[in-house]
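Data file: coords-v1.cif. Format and content: mmCIF, C-alpha atoms.
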data_query
loop_
_atom_site.group_PDB
_atom_site.id
_atom_site.type_symbol
_atom_site.label_atom_id
_atom_site.label_comp_id
_atom_site.auth_asym_id
_atom_site.auth_seq_id
_atom_site.Cartn_x
_atom_site.Cartn_y
_atom_site.Cartn_z
ATOM 1 C CA MET P 8 -3.813 1.572 -5.068
ATOM 2 C CA GLN P 9 -2.131 3.321 -7.991
ATOM 3 C CA LYS P 10 0.013 0.430 -9.285
ATOM 4 C CA MET P 11 -0.263 -3.330 -9.223
ATOM 5 C CA GLU P 12 3.294 -3.910 -10.479
ATOM 6 C CA LEU P 13 6.346 -2.309 -8.943
ATOM 7 C CA ALA P 14 9.651 -2.084 -10.779
ATOM 8 C CA VAL P 15 12.848 -2.545 -8.770
ATOM 9 C CA GLY P 16 13.114 0.318 -6.241
ATOM 10 C CA ASP P 17 9.592 1.540 -6.986
ATOM 11 C CA SER P 18 6.883 2.077 -4.353
ATOM 12 C CA THR P 19 3.154 2.698 -4.076
ATOM 13 C CA ASP P 20 0.466 3.126 -1.423
ATOM 14 C CA ILE P 21 -2.275 0.725 -0.458
ATOM 15 C CA GLU P 22 -5.166 2.717 0.953
ATOM 16 C CA MET P 23 -7.397 1.120 3.573
ATOM 17 C CA ILE P 24 -10.741 2.841 4.113
ATOM 18 C CA PHE P 25 -12.875 2.406 7.214
ATOM 19 C CA ASN P 26 -16.540 3.405 7.385
ATOM 20 C CA SER P 27 -17.562 3.635 11.028
ATOM 21 C CA ARG P 28 -21.308 3.543 10.301
ATOM 22 C CA GLY P 29 -22.967 0.877 12.433
ATOM 23 C CA TYR P 30 -19.949 0.421 14.716
ATOM 24 C CA ARG P 31 -19.475 1.368 18.354
ATOM 25 C CA GLY P 32 -16.439 1.088 20.606
ATOM 26 C CA LYS P 33 -13.185 -0.610 19.655
ATOM 27 C CA VAL P 34 -12.996 -1.996 16.136
ATOM 28 C CA GLN P 35 -10.234 -3.805 14.285
ATOM 29 C CA LYS P 36 -10.174 -4.550 10.562
ATOM 30 C CA SER P 37 -7.559 -6.259 8.446
ATOM 31 C CA ALA P 38 -6.734 -7.314 4.904
ATOM 32 C CA ASN P 39 -4.238 -9.657 3.271
ATOM 33 C CA VAL P 40 -1.943 -8.310 0.578
ATOM 34 C CA MET P 41 -0.950 -11.144 -1.763
ATOM 35 C CA LEU P 42 2.388 -10.738 -3.520
ATOM 36 C CA ASN P 43 4.712 -12.644 -5.827
ATOM 37 C CA ASP P 44 7.435 -12.300 -3.179
ATOM 38 C CA THR P 45 8.533 -15.895 -2.532
ATOM 39 C CA THR P 46 9.847 -15.049 0.956
ATOM 40 C CA ALA P 47 6.656 -13.289 2.122
ATOM 41 C CA GLY P 48 3.765 -14.006 -0.207
ATOM 42 C CA VAL P 49 1.075 -12.623 2.099
ATOM 43 C CA VAL P 50 1.360 -9.493 4.222
ATOM 44 C CA ARG P 51 -1.424 -8.707 6.692
ATOM 45 C CA ILE P 52 -2.328 -5.051 7.168
ATOM 46 C CA SER P 53 -4.700 -3.921 9.867
ATOM 47 C CA LEU P 54 -6.301 -0.852 11.359
ATOM 48 C CA SER P 55 -7.990 -0.126 14.635
ATOM 49 C CA ALA P 56 -10.308 2.611 15.847
ATOM 50 C CA GLU P 57 -12.525 3.527 18.743
ATOM 51 C CA VAL P 58 -15.849 4.637 17.340
ATOM 52 C CA VAL P 59 -17.385 7.383 19.460
ATOM 53 C CA GLU P 60 -21.000 8.537 19.381
ATOM 54 C CA ASN P 61 -20.375 12.091 20.487
ATOM 55 C CA PRO P 62 -17.830 13.130 17.856
ATOM 56 C CA ASP P 63 -17.358 16.763 18.799
ATOM 57 C CA SER P 64 -16.140 15.890 22.267
ATOM 58 C CA ILE P 65 -12.978 13.843 22.445
ATOM 59 C CA PHE P 66 -11.995 14.481 26.018
ATOM 60 C CA PRO P 67 -9.937 16.480 26.869
ATOM 61 C CA LEU P 68 -10.629 18.274 23.600
ATOM 62 C CA VAL P 69 -13.724 19.750 22.028
ATOM 63 C CA ILE P 70 -13.572 20.067 18.259
ATOM 64 C CA SER P 71 -15.769 22.580 16.425
ATOM 65 C CA THR P 72 -16.767 20.100 13.729
ATOM 66 C CA PRO P 73 -16.898 16.297 13.575
ATOM 67 C CA GLU P 74 -15.983 16.355 9.873
ATOM 68 C CA ILE P 75 -14.129 18.708 7.534
ATOM 69 C CA ASP P 76 -16.054 19.181 4.317
ATOM 70 C CA PHE P 77 -14.398 20.650 1.213
ATOM 71 C CA SER P 78 -17.480 20.214 -0.965
ATOM 72 C CA PRO P 79 -18.185 23.189 -3.260
ATOM 73 C CA ILE P 80 -20.609 25.774 -1.925
ATOM 74 C CA LYS P 81 -22.972 27.099 -4.629
ATOM 75 C CA GLY P 82 -20.548 25.859 -7.257
ATOM 76 C CA LYS P 83 -17.605 27.686 -5.673
ATOM 77 C CA MET P 84 -14.569 25.599 -4.823
ATOM 78 C CA VAL P 85 -13.393 25.428 -1.215
ATOM 79 C CA VAL P 86 -9.642 25.060 -0.755
ATOM 80 C CA GLU P 87 -9.161 26.047 2.883
ATOM 81 C CA LYS P 88 -11.035 25.074 6.038
ATOM 82 C CA GLU P 89 -10.563 25.939 9.682
ATOM 83 C CA VAL P 90 -11.343 23.883 12.762
ATOM 84 C CA LYS P 91 -11.276 25.096 16.356
ATOM 85 C CA ILE P 92 -9.926 22.758 19.010
ATOM 86 C CA LYS P 93 -10.533 23.613 22.665
ATOM 87 C CA ASN P 94 -8.737 22.149 25.662
ATOM 88 C CA VAL P 95 -11.305 21.484 28.412
ATOM 89 C CA SER P 96 -8.832 19.884 30.819
ATOM 90 C CA GLN P 97 -6.642 21.388 33.537
ATOM 91 C CA GLU P 98 -3.406 20.431 31.800
ATOM 92 C CA GLU P 99 -1.599 21.916 28.833
ATOM 93 C CA ILE P 100 -1.884 19.707 25.774
ATOM 94 C CA LYS P 101 0.430 19.422 22.821
ATOM 95 C CA LEU P 102 -0.916 18.194 19.506
ATOM 96 C CA LYS P 103 0.947 16.416 16.736
ATOM 97 C CA VAL P 104 -0.231 15.375 13.276
ATOM 98 C CA VAL P 105 0.649 11.707 12.793
ATOM 99 C CA ASP P 106 -1.154 11.038 9.517
ATOM 100 C CA SER P 107 -2.625 13.366 6.963
ATOM 101 C CA SER P 108 -3.105 11.611 3.615
ATOM 102 C CA VAL P 109 0.282 12.763 2.338
ATOM 103 C CA GLY P 110 0.032 15.104 -0.611
ATOM 104 C CA PHE P 111 -3.574 16.081 -0.045
ATOM 105 C CA PHE P 112 -3.412 18.709 2.663
ATOM 106 C CA GLU P 113 -1.156 21.315 4.126
ATOM 107 C CA ILE P 114 -1.879 21.559 7.863
ATOM 108 C CA ARG P 115 -1.141 24.516 10.085
ATOM 109 C CA PHE P 116 -1.818 25.068 13.781
ATOM 110 C CA SER P 117 -2.133 28.541 15.239
ATOM 111 C CA ASP P 118 -0.272 26.945 18.167
ATOM 112 C CA GLU P 119 0.398 23.263 18.692
ATOM 113 C CA ARG P 120 0.242 23.736 22.478
ATOM 114 C CA ILE P 121 -3.189 24.383 23.968
ATOM 115 C CA LYS P 122 -3.373 25.819 27.452
ATOM 116 C CA PRO P 123 -6.259 24.830 29.764
ATOM 117 C CA SER P 124 -9.604 26.355 28.678
ATOM 118 C CA GLU P 125 -8.012 27.844 25.563
ATOM 119 C CA GLU P 126 -8.533 26.988 21.930
ATOM 120 C CA ILE P 127 -6.421 26.877 18.816
ATOM 121 C CA ASP P 128 -7.130 26.954 15.086
ATOM 122 C CA LEU P 129 -6.265 24.089 12.805
ATOM 123 C CA LYS P 130 -6.124 25.159 9.161
ATOM 124 C CA LEU P 131 -6.251 22.705 6.301
ATOM 125 C CA ARG P 132 -5.419 23.717 2.767
ATOM 126 C CA LEU P 133 -5.808 21.430 -0.209
ATOM 127 C CA ASN P 134 -2.474 20.830 -1.872
ATOM 128 C CA ARG P 135 -3.598 19.457 -5.174
ATOM 129 C CA ASP P 136 -5.871 20.738 -7.835
ATOM 130 C CA LEU P 137 -8.746 18.392 -7.083
ATOM 131 C CA LYS P 138 -11.492 20.413 -8.703
ATOM 132 C CA GLU P 139 -13.110 17.432 -10.374
ATOM 133 C CA ASP P 140 -12.505 14.900 -7.663
ATOM 134 C CA SER P 141 -14.540 13.692 -4.743
ATOM 135 C CA PHE P 142 -12.576 12.105 -1.924
ATOM 136 C CA LYS P 143 -12.840 10.693 1.561
ATOM 137 C CA LYS P 144 -9.666 11.095 3.621
ATOM 138 C CA SER P 145 -8.795 11.863 7.223
ATOM 139 C CA ILE P 146 -6.199 13.407 9.487
ATOM 140 C CA THR P 147 -4.990 11.714 12.663
ATOM 141 C CA LEU P 148 -3.743 13.768 15.599
ATOM 142 C CA GLU P 149 -1.947 12.589 18.710
ATOM 143 C CA LEU P 150 -1.890 14.144 22.165
ATOM 144 C CA ASN P 151 1.176 14.240 24.402
ATOM 145 C CA ASP P 152 -0.669 12.561 27.304
ATOM 146 C CA LYS P 153 0.513 9.302 28.883
ATOM 147 C CA ALA P 154 -1.771 7.186 26.705
ATOM 148 C CA LYS P 155 -0.705 9.063 23.548
ATOM 149 C CA THR P 156 -4.409 9.493 22.806
ATOM 150 C CA ARG P 157 -5.226 9.698 19.128
ATOM 151 C CA PHE P 158 -8.233 10.938 17.248
ATOM 152 C CA SER P 159 -9.066 11.194 13.579
ATOM 153 C CA ILE P 160 -11.084 13.855 11.810
ATOM 154 C CA PRO P 161 -12.696 12.753 8.552
ATOM 155 C CA VAL P 162 -12.062 15.057 5.586
ATOM 156 C CA LYS P 163 -14.230 14.824 2.507
ATOM 157 C CA ARG P 164 -15.194 16.478 -0.733
ATOM 158 C CA GLU P 165 -18.272 15.611 -2.725
ATOM 159 C CA VAL P 166 -18.322 17.008 -6.232
ATOM 160 C CA LYS P 167 -21.584 16.293 -8.027
ATOM 161 C CA MET P 168 -21.261 15.373 -11.675
ATOM 162 C CA GLN P 169 -23.296 17.645 -13.991
ATOM 163 C CA MET B 25 39.676 -44.146 -19.222
ATOM 164 C CA LYS B 26 40.396 -42.785 -15.757
ATOM 165 C CA SER B 27 41.317 -39.369 -17.134
ATOM 166 C CA GLU B 28 38.118 -39.281 -19.212
ATOM 167 C CA VAL B 29 36.041 -39.944 -16.090
ATOM 168 C CA SER B 30 37.900 -37.222 -14.228
ATOM 169 C CA LEU B 31 37.333 -34.791 -17.102
ATOM 170 C CA LEU B 32 33.616 -35.677 -17.141
ATOM 171 C CA CYS B 33 33.426 -35.060 -13.390
ATOM 172 C CA VAL B 34 35.067 -31.659 -13.805
ATOM 173 C CA VAL B 35 32.676 -30.717 -16.640
ATOM 174 C CA VAL B 36 29.620 -31.845 -14.642
ATOM 175 C CA SER B 37 30.857 -29.903 -11.601
ATOM 176 C CA LEU B 38 31.374 -26.787 -13.695
ATOM 177 C CA VAL B 39 27.899 -27.083 -15.228
ATOM 178 C CA LEU B 40 26.352 -27.479 -11.760
ATOM 179 C CA LEU B 41 28.317 -24.510 -10.484
ATOM 180 C CA LEU B 42 27.181 -22.384 -13.438
ATOM 181 C CA LEU B 43 23.568 -23.403 -12.829
ATOM 182 C CA MET B 44 23.860 -22.417 -9.163
ATOM 183 C CA VAL B 45 25.388 -19.036 -10.037
ATOM 184 C CA ALA B 46 22.692 -18.432 -12.681
ATOM 185 C CA ASP B 47 19.964 -19.254 -10.158
ATOM 186 C CA ALA B 48 21.458 -16.969 -7.529
ATOM 187 C CA SER B 49 21.692 -14.016 -9.899
ATOM 188 C CA CYS B 50 18.128 -14.526 -11.172
ATOM 189 C CA GLY B 51 15.884 -11.640 -10.042
ATOM 190 C CA GLN B 52 13.703 -12.000 -6.962
ATOM 191 C CA PRO B 53 11.034 -9.495 -5.978
ATOM 192 C CA LYS B 54 11.041 -8.464 -2.322
ATOM 193 C CA ALA B 55 8.439 -6.341 -0.578
ATOM 194 C CA LEU B 56 9.152 -3.851 2.184
ATOM 195 C CA MET B 57 6.221 -2.473 4.156
ATOM 196 C CA PRO B 58 7.555 -0.206 6.924
ATOM 197 C CA GLU B 59 4.154 -0.154 8.629
ATOM 198 C CA THR B 60 1.425 -2.798 8.642
ATOM 199 C CA THR B 61 -0.817 -1.588 11.486
ATOM 200 C CA TRP B 62 -2.504 1.743 12.067
ATOM 201 C CA ASP B 63 -4.495 3.162 14.982
ATOM 202 C CA PHE B 64 -6.945 5.951 14.113
ATOM 203 C CA GLY B 65 -7.728 6.514 17.774
ATOM 204 C CA LYS B 66 -11.181 7.982 18.343
ATOM 205 C CA VAL B 67 -13.330 8.237 15.234
ATOM 206 C CA PRO B 68 -16.814 9.795 14.974
ATOM 207 C CA GLN B 69 -19.600 7.306 14.358
ATOM 208 C CA GLY B 70 -20.943 7.312 10.798
ATOM 209 C CA SER B 71 -17.815 8.718 9.196
ATOM 210 C CA VAL B 72 -15.177 7.503 6.759
ATOM 211 C CA VAL B 73 -11.460 7.588 7.551
ATOM 212 C CA SER B 74 -8.543 6.251 5.549
ATOM 213 C CA HIS B 75 -4.894 5.364 5.890
ATOM 214 C CA SER B 76 -2.244 4.554 3.290
ATOM 215 C CA TYR B 77 0.333 1.807 3.781
ATOM 216 C CA GLN B 78 3.483 2.178 1.727
ATOM 217 C CA ILE B 79 4.892 -0.818 -0.124
ATOM 218 C CA LYS B 80 8.320 -0.755 -1.764
ATOM 219 C CA ASN B 81 10.079 -3.260 -3.998
ATOM 220 C CA ILE B 82 13.576 -3.757 -2.563
ATOM 221 C CA GLY B 83 14.199 -6.899 -4.617
ATOM 222 C CA THR B 84 15.812 -7.439 -7.980
ATOM 223 C CA ASP B 85 12.732 -8.247 -10.067
ATOM 224 C CA THR B 86 9.260 -6.773 -10.583
ATOM 225 C CA LEU B 87 7.008 -7.057 -7.531
ATOM 226 C CA LYS B 88 3.407 -7.868 -8.318
ATOM 227 C CA ILE B 89 0.496 -7.102 -6.010
ATOM 228 C CA ILE B 90 -1.739 -10.012 -6.931
ATOM 229 C CA LYS B 91 -4.700 -9.183 -4.739
ATOM 230 C CA VAL B 92 -5.737 -7.310 -1.609
ATOM 231 C CA LYS B 93 -8.333 -9.367 0.223
ATOM 232 C CA PRO B 94 -10.229 -7.983 3.232
ATOM 233 C CA GLU B 95 -10.578 -10.484 6.098
#
Using structure tokens, write down the structure from this file.
Amino acid sequence: MQKMELAVGDSTDIEMIFNSRGYRGKVQKSANVMLNDTTAGVVRISLSAEVVENPDSIFPLVISTPEIDFSPIKGKMVVEKEVKIKNVSQEEIKLKVVDSSVGFFEIRFSDERIKPSEEIDLKLRLNRDLKEDSFKKSITLELNDKAKTRFSIPVKREVKMQ
Amino acid sequence: MKSEVSLLCVVVSLVLLLLMVADASCGQPKALMPETTWDFGKVPQGSVVSHSYQIKNIGTDTLKIIKVKPE
């Protein structure tokens, strides 16, 4: 959270972080936001996830990496990463980004439609100059199937202090 | 005497009315959170994911976030 006090018309973000270590299956977490708003003093925010053990296979897709890591390699900064997403079903799938830690990444698909047995590239480019910062974020994608299946790919950067 | 009572009543009424108007125009913070739930869908085990919820002050006075308490 960047601000604890909001002037009239002002806004901020409340970030909720979920660590899936030790969890399996469906999980729901929530928090209460306490405000000086006399009409709604407490607002409940919640998140849900389905923790999967085999992270590279989110049927009907196979993702080349379970996590996107922007950590420096031999001291060299990494600003762009690529992920391959393969459609292993018999149907064409369309992907849509529904959440991407606004302001952090620029996301590009080689093609947002994936034909059966084909794969596409998902490119992530860091938007900000985050040379000194470590972070743990994620992107959430949604499929155009009946269930509107979603999956999230963790995105991190670990910069070691010298 | 009667006119004095009437005058007093009018003054009291005016004061009450002014107090009501002053109270109504006094600033009130009001929070707007367009989204309060989020579904990550499938998440790899042992990883960290995050989501940001926007909060906006649509009131007429400063909105204070007193505390965020996990359940």
Evaluate the PyMOL selection byres ((chain P) within 7 of (chain B)) against this structure - the residues, as a ChimeraX atom specification, please. /P:11-30,37-44,51-62,73,108,143-145,147,156-161
Could you jot down the CA of Glu89 in chain P to CA of Lys167 in chain P separation for me, Å, one decimal place? 23.0 Å
Work out how far CA of Lys33 in chain P is from CA of Asp128 in chain P, in Å to one decimal.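 It comes out at 28.6 Å.
Picture a line from CA of Asp76 in chain P to CA of Val90 in chain P; it runs 10.8 Å.
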List as a ChimeraX atom specification the protein and nucleic acid residues near Val166 in chain P, meaning an atom at most 8 Å away when only C-alpha atoms are counted, but skip any in the same chain fewer than 3 places from it. /P:78-79,139-141
Which polymer residues have any atom within 12 Å of an atom of range 95-103 of chain P, counting all atoms listed in the file, with same-chain residues fewer than 5 positions away left out, as a VMD selection string? chain P and resid 64 to 70 114 to 129 146 to 153 155 to 159
Padded axis-aligned box of range 28-33 of chain P (5 Å per side), centre and edge lengths, Å, one decimal, as AutoDock Vina command-line options:
--center_x -18.1 --center_y 1.5 --center_z 15.5 --size_x 19.8 --size_y 14.2 --size_z 20.3
